[in-house]
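Next up, data-v2.cif (mmCIF, C-alpha atoms):
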data_structure
loop_
_atom_site.label_atom_id
_atom_site.label_comp_id
_atom_site.auth_asym_id
_atom_site.auth_seq_id
_atom_site.Cartn_x
_atom_site.Cartn_y
_atom_site.Cartn_z
CA MET A 8 0.00 0.00 0.00
CA LEU A 9 2.81 2.44 0.89
CA ASP A 10 4.29 1.89 -2.59
CA ASP A 11 1.55 4.16 -3.95
CA PHE A 12 2.80 7.78 -3.89
CA MET A 13 -0.71 9.16 -3.32
CA VAL A 14 -1.19 6.97 -0.26
CA ARG A 15 2.13 8.16 1.16
CA ALA A 16 1.23 11.79 0.38
CA THR A 17 -2.17 11.43 2.07
CA LEU A 18 -0.67 9.86 5.18
CA ALA A 19 1.99 12.60 5.29
CA GLY A 20 -0.66 15.34 5.06
CA ILE A 21 -2.72 13.77 7.84
CA GLY A 22 0.39 13.37 10.00
CA VAL A 23 1.27 17.06 9.68
CA ALA A 24 -2.35 18.03 10.36
CA LEU A 25 -2.39 16.01 13.58
CA ALA A 26 0.87 17.62 14.73
CA ALA A 27 -0.18 21.14 13.79
CA ALA A 28 -3.74 21.11 15.16
CA PRO A 29 -3.19 21.20 18.95
CA LEU A 30 -0.14 23.41 18.58
CA GLY A 31 -2.03 25.70 16.20
CA SER A 32 -4.75 26.12 18.82
CA PHE A 33 -2.20 27.53 21.26
CA VAL A 34 -0.74 29.73 18.51
CA VAL A 35 -4.23 31.20 17.95
CA TRP A 36 -5.01 31.60 21.65
CA ARG A 37 -1.67 33.25 22.38
CA ARG A 38 -1.68 35.35 19.19
CA MET A 39 1.64 33.84 18.12
CA ALA A 40 1.07 33.83 14.35
CA TYR A 41 4.23 35.81 13.63
CA PHE A 42 6.14 33.56 16.03
CA GLY A 43 5.23 30.57 13.88
CA ASP A 44 6.24 32.45 10.73
CA ALA A 45 9.66 33.38 12.13
CA THR A 46 10.35 29.79 13.18
CA ALA A 47 9.23 28.42 9.82
CA HIS A 48 11.30 30.88 7.80
CA ALA A 49 14.40 29.98 9.79
CA ALA A 50 14.01 26.36 8.70
CA ILE A 51 15.31 27.12 5.18
CA LEU A 52 18.65 28.08 6.77
CA GLY A 53 18.55 24.73 8.58
CA VAL A 54 18.01 22.98 5.25
CA ALA A 55 21.06 24.70 3.76
CA LEU A 56 23.23 23.81 6.76
CA ALA A 57 22.00 20.20 6.72
CA LEU A 58 22.87 19.81 3.04
CA SER A 59 26.30 21.40 3.44
CA LEU A 60 27.13 19.25 6.48
CA GLN A 61 25.52 16.16 4.92
CA ILE A 62 23.24 15.52 7.88
CA SER A 63 19.50 14.86 8.09
CA ILE A 64 17.27 17.65 6.76
CA PHE A 65 14.98 17.01 9.70
CA ALA A 66 17.83 17.46 12.20
CA GLY A 67 19.10 20.65 10.56
CA ALA A 68 15.67 22.24 10.23
CA THR A 69 14.72 21.31 13.79
CA ALA A 70 17.94 22.71 15.24
CA VAL A 71 17.72 26.06 13.46
CA ALA A 72 13.96 26.41 14.01
CA LEU A 73 14.48 25.72 17.71
CA LEU A 74 17.35 28.24 17.82
CA MET A 75 15.13 30.87 16.20
CA ALA A 76 12.25 30.19 18.58
CA VAL A 77 14.55 30.40 21.63
CA THR A 78 16.12 33.62 20.27
CA VAL A 79 12.70 35.23 19.87
CA THR A 80 11.71 34.19 23.39
CA ARG A 81 14.91 35.61 24.87
CA LEU A 82 14.78 38.90 22.96
CA SER A 83 11.13 39.66 23.64
CA GLY A 84 10.50 42.61 25.92
CA ARG A 85 13.87 44.26 25.27
CA GLY A 86 12.74 47.53 23.73
CA TYR A 87 11.09 46.33 20.53
CA ALA A 88 7.44 45.54 19.91
CA MET A 89 6.98 41.80 19.40
CA ASP A 90 5.60 42.13 15.86
CA THR A 91 8.60 44.29 14.88
CA LEU A 92 11.08 41.83 16.37
CA LEU A 93 9.40 38.85 14.70
CA GLY A 94 9.19 40.64 11.35
CA VAL A 95 12.91 41.42 11.41
CA LEU A 96 13.94 37.92 12.46
CA ALA A 97 11.54 36.08 10.14
CA HIS A 98 12.56 37.86 6.96
CA SER A 99 16.23 38.00 7.91
CA ALA A 100 16.28 34.25 8.55
CA LEU A 101 14.62 33.54 5.21
CA ALA A 102 17.04 35.84 3.38
CA PHE A 103 20.12 34.31 5.04
CA GLY A 104 18.75 30.85 4.28
CA LEU A 105 18.26 31.63 0.59
CA VAL A 106 21.75 33.16 0.37
CA ALA A 107 23.24 30.11 2.12
CA VAL A 108 21.53 27.82 -0.40
CA SER A 109 23.16 29.74 -3.25
CA PHE A 110 26.62 28.84 -1.85
CA LEU A 111 25.93 25.09 -2.03
CA SER A 112 28.15 23.99 -4.90
CA GLY A 113 27.89 20.50 -6.28
CA ILE A 114 24.59 19.87 -4.47
CA ARG A 115 21.43 19.70 -6.54
CA ILE A 116 18.59 21.30 -4.62
CA ASP A 117 15.00 22.03 -5.65
CA LEU A 118 14.43 25.24 -3.73
CA MET A 119 10.75 25.43 -4.66
CA ALA A 120 10.18 22.05 -3.00
CA TYR A 121 11.43 23.45 0.32
CA LEU A 122 9.58 26.75 -0.04
CA PHE A 123 6.19 25.33 -1.07
CA GLY A 124 6.49 21.64 -0.24
CA ASP A 125 6.75 18.52 -2.38
CA ILE A 126 4.32 16.16 -0.70
CA LEU A 127 4.05 13.89 -3.76
CA SER A 128 7.71 12.88 -3.39
CA VAL A 129 7.37 11.76 0.25
CA SER A 130 9.21 8.48 0.79
CA LYS A 131 8.61 5.76 3.38
CA ALA A 132 11.51 7.18 5.40
CA ASP A 133 9.97 10.68 5.22
CA LEU A 134 6.67 9.20 6.36
CA ALA A 135 8.34 7.62 9.39
CA VAL A 136 9.93 10.98 10.31
CA ILE A 137 6.64 12.87 9.86
CA TRP A 138 4.59 10.47 11.98
CA GLY A 139 7.36 10.16 14.56
CA GLY A 140 7.49 13.94 14.86
CA ALA A 141 3.69 14.16 15.00
CA ALA A 142 3.61 11.59 17.80
CA LEU A 143 6.29 13.52 19.71
CA VAL A 144 4.40 16.82 19.39
CA ALA A 145 1.04 15.27 20.29
CA GLY A 146 2.55 13.50 23.30
CA LEU A 147 4.32 16.65 24.47
CA ILE A 148 1.17 18.78 24.19
CA ALA A 149 -0.99 16.12 25.87
CA TRP A 150 1.53 15.79 28.74
CA ARG A 151 1.62 19.55 29.38
CA TRP A 152 -1.97 20.34 28.31
CA SER A 153 -3.29 21.57 31.66
CA ALA A 154 -0.18 23.62 32.44
CA LEU A 155 -0.13 25.13 28.96
CA LEU A 156 -3.79 26.11 29.23
CA THR A 157 -3.27 27.72 32.64
CA THR A 158 -0.28 29.68 31.36
CA THR A 159 -2.22 30.76 28.28
CA LEU A 160 -5.01 32.14 30.48
CA ASN A 161 -2.80 34.15 32.82
CA ASP A 162 0.84 34.12 33.94
CA ASP A 163 -0.11 35.14 37.48
CA LEU A 164 -2.59 32.27 37.69
CA ALA A 165 0.15 29.92 36.49
CA HIS A 166 2.56 31.16 39.18
CA ALA A 167 -0.15 30.72 41.83
CA SER A 168 -0.65 27.14 40.62
CA GLY A 169 3.08 26.40 40.89
CA ILE A 170 3.62 26.47 37.10
CA ASP A 171 6.61 28.18 35.50
CA PRO A 172 5.31 30.10 32.42
CA LYS A 173 8.79 30.22 30.86
CA ARG A 174 9.07 26.44 31.03
CA GLU A 175 5.71 26.05 29.30
CA GLN A 176 6.81 28.57 26.67
CA MET A 177 9.85 26.38 26.00
CA VAL A 178 7.57 23.34 25.62
CA LEU A 179 5.62 25.19 22.94
CA THR A 180 8.89 26.32 21.37
CA LEU A 181 10.18 22.76 21.12
CA ALA A 182 6.86 21.49 19.73
CA LEU A 183 6.82 24.30 17.17
CA ALA A 184 10.36 23.53 15.99
CA VAL A 185 9.54 19.83 15.52
CA THR A 186 6.30 20.65 13.69
CA VAL A 187 8.11 23.02 11.34
CA ALA A 188 10.72 20.36 10.57
CA VAL A 189 8.21 17.62 9.77
CA ALA A 190 5.97 19.94 7.72
CA ILE A 191 8.69 21.17 5.34
CA LYS A 192 8.24 18.24 2.96
CA VAL A 193 4.44 18.63 2.94
CA VAL A 194 3.69 22.35 2.61
CA GLY A 195 7.12 24.06 2.61
CA VAL A 196 8.45 26.79 4.88
CA LEU A 197 6.26 29.52 3.40
CA LEU A 198 3.00 27.70 4.15
CA ILE A 199 3.75 25.98 7.47
CA ALA A 200 2.31 28.87 9.46
CA ALA A 201 -0.91 28.56 7.44
CA MET A 202 -1.31 24.90 8.46
CA LEU A 203 -0.79 25.92 12.08
CA ILE A 204 -3.22 28.83 12.10
CA VAL A 205 -5.97 28.26 9.52
CA PRO A 206 -7.43 24.92 10.75
CA ALA A 207 -7.32 26.14 14.36
CA ALA A 208 -8.98 29.44 13.43
CA ALA A 209 -11.61 27.55 11.42
CA ALA A 210 -12.31 25.29 14.41
CA ARG A 211 -12.79 28.15 16.87
CA PRO A 212 -16.43 29.02 16.03
CA LEU A 213 -17.35 25.33 16.18
CA SER A 214 -15.84 24.69 19.62
CA ARG A 215 -17.05 25.23 23.16
CA THR A 216 -14.00 23.84 24.97
CA PRO A 217 -10.25 24.01 24.30
CA GLU A 218 -10.11 20.22 23.86
CA ALA A 219 -12.91 20.33 21.28
CA MET A 220 -11.11 23.08 19.37
CA ALA A 221 -7.91 21.02 19.14
CA LEU A 222 -9.82 17.92 17.98
CA ILE A 223 -11.90 19.82 15.42
CA ALA A 224 -8.76 21.58 14.15
CA ALA A 225 -7.14 18.16 13.65
CA LEU A 226 -10.19 17.00 11.71
CA ILE A 227 -10.26 20.13 9.55
CA GLY A 228 -6.52 19.84 8.87
CA SER A 229 -6.84 16.17 7.91
CA VAL A 230 -9.84 16.79 5.65
CA SER A 231 -7.99 19.72 4.05
CA ALA A 232 -4.99 17.48 3.35
CA VAL A 233 -7.09 14.76 1.71
CA ALA A 234 -9.32 17.18 -0.23
CA GLY A 235 -6.37 19.38 -1.24
CA LEU A 236 -4.44 16.40 -2.58
CA SER A 237 -7.50 15.16 -4.50
CA GLY A 238 -8.03 18.60 -5.98
CA ALA A 239 -4.36 18.93 -6.91
CA TYR A 240 -4.48 15.52 -8.63
CA MET A 241 -7.60 16.34 -10.64
CA LEU A 242 -6.77 19.98 -11.48
CA ASP A 243 -2.98 19.59 -11.80
CA THR A 244 -2.30 22.29 -9.20
CA PRO A 245 0.52 22.48 -6.58
CA ALA A 246 -0.31 20.08 -3.76
CA GLY A 247 0.89 22.12 -0.75
CA PRO A 248 -0.90 25.35 -1.70
CA SER A 249 -4.02 23.35 -2.64
CA ILE A 250 -4.17 21.91 0.89
CA VAL A 251 -3.96 25.41 2.38
CA CYS A 252 -6.63 26.67 -0.04
CA VAL A 253 -9.07 24.01 1.17
CA ALA A 254 -8.34 24.92 4.80
CA ALA A 255 -8.92 28.60 3.93
CA ILE A 256 -12.30 27.75 2.34
CA VAL A 257 -13.31 25.88 5.49
CA PHE A 258 -12.26 28.91 7.57
CA ALA A 259 -14.39 31.19 5.39
CA LEU A 260 -17.40 28.88 5.81
CA THR A 261 -17.07 28.62 9.60
CA SER A 262 -16.60 32.38 9.85
CA LEU A 263 -19.82 32.95 7.90
CA LEU A 264 -21.63 30.42 10.10
CA SER A 265 -20.26 31.76 13.38
CA PRO A 266 -23.07 34.33 14.01
CA ALA A 267 -25.67 31.59 13.59
CA LEU A 268 -23.71 29.24 15.82
CA ALA A 269 -23.38 31.94 18.50
CA ARG A 270 -27.17 32.34 18.68
CA ARG A 271 -27.68 28.63 19.40
#

In structure tokens, write the structure found in this file.
Amino acid sequence: MLDDFMVRATLAGIGVALAAAPLGSFVVWRRMAYFGDATAHAAILGVALALSLQISIFAGATAVALLMAVTVTRLSGRGYAMDTLLGVLAHSALAFGLVAVSFLSGIRIDLMAYLFGDILSVSKADLAVIWGGAALVAGLIAWRWSALLTTTLNDDLAHASGIDPKREQMVLTLALAVTVAVAIKVVGVLLIAAMLIVPAAAARPLSRTPEAMALIAALIGSVSAVAGLSGAYMLDTPAGPSIVCVAAIVFALTSLLSPALARR
């Protein structure tokens, strides 16, 4: 069954959706959209370093994405507005990554595949990495779910409950770095933030509890992956962007329905 490239692509899309959904919920609740963008853009520099050092793309992207996330966390509150700081770091990281790729001599690299994803070329080994990373992220979020929710509500409440908000921020940082690394092959660095934010935002009007929002976001992400791949196959469109387009359509529908749902 896994010899069929469409089956592997579908499983890869669902794996990324399951990793991104609970994390994306926290990104929406904490208003961390730019944070996700900065981490994702840094991953292209990780790809360049991994290729030059001949190490795993996953390892290189994870390391640099984690470094970027930690850097943002450490620099926040030091005189710059958060959106300004994230804008500078996100675009600088992407620019340095693209320049670093241009120095790779003797290495054939399809830059578009890393920018926008190449889900149709996912191998069995890629599938193992994606699902392993998804399991790690899901397990990490499930383990720290209560503490993360408390910290998201209020730092003072977290301190009163004996929870260290900075530690929980690092948990989210680690989960975000892993998600970015596993999603590169599926949607590329330019669309990873969309897979984090759009399904979670689409799930918000349909949810009454945080747990329901995470589960519905996972469902929306998975359906978007399957429908986007089917659409890309029939219409001969790019697979990664097609997945995001389906998620965006679902978001538009739930947004239109939200007033009616609120009156129920």

Open item on the list: Between CA of Ala255 in chain A and CA of Asp11 in chain A, what is the distance in Å, rounded to a tenth?
Closed with: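 It comes out at 27.7 Å.
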
Open item on the list: the PyMOL selection byres ((chain A and resi 25) around 10) - which residues does that actually catch in the file I just gave you? List them as a ChimeraX atom specification.
Closed with: /A:19-24,26-30,138,141-142,144-145,186,221-222,224-229

Task: Among the residues A:Ile170, A:Ala208, A:Leu82, A:Leu105, the one that comes closest to Met220 in chain A [using only C-alpha atoms] - done: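 For Met220 in chain A, the nearest of the given residues is A:Ala208.
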
- [ ] Please write as an NGL selection string the list of polymer residues whose atoms come within 9 Å of (7.0, 25.9, 10.1), counting all atoms listed in the file and keeping to the coordinates of the file.
- [x] :A and (43-50 or 72 or 183-191 or 194-203)

- [ ] Would you work out the distance separating CA of Leu160 in chain A from CA of Ser32 in chain A, expressed in Å to one decimal?
- [x]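 Between these atoms lies a distance of 13.1 Å.
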
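Picture a line from CA of Ala182 in chain A to CA of Val54 in chain A; it runs 18.3 Å.
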
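In this comparison, which uses all atoms listed in the file, the residue of A:Ala132, A:Ala57, A:Leu52, A:Ala68 approaching Ala100 in chain A most closely is A:Leu52.
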
- [ ] Determine the residue set returned by the PyMOL selection byres ((chain A and resi 157) around 12) for the present structure, and present it as a PyMOL selection string.
- [x] chain A and resi 33+36-37+151-156+158-172+175-176+217

Task: Residues within 10 Å of Leu264 in chain A, all atoms listed in the file, excluding chain neighbours under 5 positions, as a list in words - done: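 The filter keeps Pro212, Leu213, Phe258, Ala259 and Ala269 of chain A.
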
Task: the PyMOL selection byres ((chain A and resi 103) around 12) applied to the shown file, residues as an MDAnalysis selection string - done: chainID A and resid 48:56 95:102 104:110

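Nearest residue to Ser231 in chain A, choosing from A:Ala254, A:Asp125, A:Asp133, A:Ala210 and counting all atoms listed in the file: A:Ala254.
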
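If all atoms listed in the file are the atoms counted, then among A:Ala149, A:Tyr121, A:Ile204, A:Arg174 the closest residue to Ile64 in chain A is A:Tyr121.
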
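Using only C-alpha atoms, the shortest contact distance between Leu134 in chain A and any of A:Ala219, A:Ala246, A:Ala66, A:Val193 is found at A:Val193.
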
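Nearest-residue note for Gly94 in chain A: choosing from A:Val129, A:Ala40, A:Met13, A:Leu242, the minimum distance belongs to A:Ala40, counting all atoms listed in the file.
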
Open item on the list: Around (9.7, 6.8, 1.6), as given in the file, which residues come within 12 Å? Count only C-alpha atoms and list them as a VMD selection string.
Closed with: chain A and resid 8 to 16 18 to 19 126 to 137 192

Complete the atom set of range 229-247 of chain A to N, CA, C and O atoms and return it as a PDB file, keeping the file's coordinate frame.
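Written out: selection_13.pdb:
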ATOM      1  N   SER A 229      -6.903  17.462   8.613  1.00  0.00           N
ATOM      2  CA  SER A 229      -6.840  16.170   7.910  1.00  0.00           C
ATOM      3  C   SER A 229      -7.713  16.179   6.663  1.00  0.00           C
ATOM      4  O   SER A 229      -7.293  15.715   5.595  1.00  0.00           O
ATOM      5  N   VAL A 230      -8.939  16.706   6.801  1.00  0.00           N
ATOM      6  CA  VAL A 230      -9.840  16.790   5.650  1.00  0.00           C
ATOM      7  C   VAL A 230      -9.244  17.701   4.569  1.00  0.00           C
ATOM      8  O   VAL A 230      -9.324  17.408   3.366  1.00  0.00           O
ATOM      9  N   SER A 231      -8.618  18.797   5.002  1.00  0.00           N
ATOM     10  CA  SER A 231      -7.990  19.720   4.050  1.00  0.00           C
ATOM     11  C   SER A 231      -6.859  19.033   3.293  1.00  0.00           C
ATOM     12  O   SER A 231      -6.689  19.241   2.080  1.00  0.00           O
ATOM     13  N   ALA A 232      -6.091  18.202   3.997  1.00  0.00           N
ATOM     14  CA  ALA A 232      -4.990  17.480   3.350  1.00  0.00           C
ATOM     15  C   ALA A 232      -5.519  16.520   2.297  1.00  0.00           C
ATOM     16  O   ALA A 232      -5.017  16.485   1.165  1.00  0.00           O
ATOM     17  N   VAL A 233      -6.537  15.742   2.656  1.00  0.00           N
ATOM     18  CA  VAL A 233      -7.090  14.760   1.710  1.00  0.00           C
ATOM     19  C   VAL A 233      -7.765  15.464   0.534  1.00  0.00           C
ATOM     20  O   VAL A 233      -7.531  15.119  -0.631  1.00  0.00           O
ATOM     21  N   ALA A 234      -8.608  16.472   0.834  1.00  0.00           N
ATOM     22  CA  ALA A 234      -9.320  17.180  -0.230  1.00  0.00           C
ATOM     23  C   ALA A 234      -8.360  17.980  -1.107  1.00  0.00           C
ATOM     24  O   ALA A 234      -8.517  18.038  -2.336  1.00  0.00           O
ATOM     25  N   GLY A 235      -7.350  18.608  -0.469  1.00  0.00           N
ATOM     26  CA  GLY A 235      -6.370  19.380  -1.240  1.00  0.00           C
ATOM     27  C   GLY A 235      -5.572  18.503  -2.187  1.00  0.00           C
ATOM     28  O   GLY A 235      -5.320  18.875  -3.341  1.00  0.00           O
ATOM     29  N   LEU A 236      -5.172  17.334  -1.721  1.00  0.00           N
ATOM     30  CA  LEU A 236      -4.440  16.400  -2.580  1.00  0.00           C
ATOM     31  C   LEU A 236      -5.315  15.910  -3.734  1.00  0.00           C
ATOM     32  O   LEU A 236      -4.860  15.807  -4.874  1.00  0.00           O
ATOM     33  N   SER A 237      -6.578  15.610  -3.445  1.00  0.00           N
ATOM     34  CA  SER A 237      -7.500  15.160  -4.500  1.00  0.00           C
ATOM     35  C   SER A 237      -7.692  16.255  -5.545  1.00  0.00           C
ATOM     36  O   SER A 237      -7.670  15.989  -6.752  1.00  0.00           O
ATOM     37  N   GLY A 238      -7.874  17.488  -5.061  1.00  0.00           N
ATOM     38  CA  GLY A 238      -8.030  18.600  -5.980  1.00  0.00           C
ATOM     39  C   GLY A 238      -6.786  18.838  -6.816  1.00  0.00           C
ATOM     40  O   GLY A 238      -6.870  19.111  -8.018  1.00  0.00           O
ATOM     41  N   ALA A 239      -5.618  18.736  -6.182  1.00  0.00           N
ATOM     42  CA  ALA A 239      -4.360  18.930  -6.910  1.00  0.00           C
ATOM     43  C   ALA A 239      -4.184  17.859  -7.982  1.00  0.00           C
ATOM     44  O   ALA A 239      -3.693  18.137  -9.090  1.00  0.00           O
ATOM     45  N   TYR A 240      -4.602  16.625  -7.668  1.00  0.00           N
ATOM     46  CA  TYR A 240      -4.480  15.520  -8.630  1.00  0.00           C
ATOM     47  C   TYR A 240      -5.404  15.740  -9.823  1.00  0.00           C
ATOM     48  O   TYR A 240      -5.012  15.539 -10.980  1.00  0.00           O
ATOM     49  N   MET A 241      -6.625  16.179  -9.556  1.00  0.00           N
ATOM     50  CA  MET A 241      -7.600  16.340 -10.640  1.00  0.00           C
ATOM     51  C   MET A 241      -7.353  17.611 -11.466  1.00  0.00           C
ATOM     52  O   MET A 241      -7.555  17.622 -12.683  1.00  0.00           O
ATOM     53  N   LEU A 242      -6.918  18.688 -10.802  1.00  0.00           N
ATOM     54  CA  LEU A 242      -6.770  19.980 -11.480  1.00  0.00           C
ATOM     55  C   LEU A 242      -5.339  20.290 -11.880  1.00  0.00           C
ATOM     56  O   LEU A 242      -5.080  21.330 -12.492  1.00  0.00           O
ATOM     57  N   ASP A 243      -4.407  19.396 -11.501  1.00  0.00           N
ATOM     58  CA  ASP A 243      -2.980  19.590 -11.800  1.00  0.00           C
ATOM     59  C   ASP A 243      -2.465  20.903 -11.208  1.00  0.00           C
ATOM     60  O   ASP A 243      -1.839  21.720 -11.881  1.00  0.00           O
ATOM     61  N   THR A 244      -2.759  21.106  -9.919  1.00  0.00           N
ATOM     62  CA  THR A 244      -2.300  22.290  -9.200  1.00  0.00           C
ATOM     63  C   THR A 244      -1.258  21.885  -8.159  1.00  0.00           C
ATOM     64  O   THR A 244      -1.147  20.706  -7.822  1.00  0.00           O
ATOM     65  N   PRO A 245      -0.476  22.832  -7.620  1.00  0.00           N
ATOM     66  CA  PRO A 245       0.520  22.480  -6.580  1.00  0.00           C
ATOM     67  C   PRO A 245      -0.165  21.905  -5.360  1.00  0.00           C
ATOM     68  O   PRO A 245      -1.163  22.458  -4.868  1.00  0.00           O
ATOM     69  N   ALA A 246       0.363  20.800  -4.840  1.00  0.00           N
ATOM     70  CA  ALA A 246      -0.310  20.080  -3.760  1.00  0.00           C
ATOM     71  C   ALA A 246      -0.340  20.868  -2.449  1.00  0.00           C
ATOM     72  O   ALA A 246      -1.393  20.993  -1.814  1.00  0.00           O
ATOM     73  N   GLY A 247       0.821  21.382  -2.013  1.00  0.00           N
ATOM     74  CA  GLY A 247       0.890  22.120  -0.750  1.00  0.00           C
ATOM     75  C   GLY A 247      -0.054  23.309  -0.706  1.00  0.00           C
ATOM     76  O   GLY A 247      -0.886  23.429   0.210  1.00  0.00           O
TER      77      GLY A 247
END
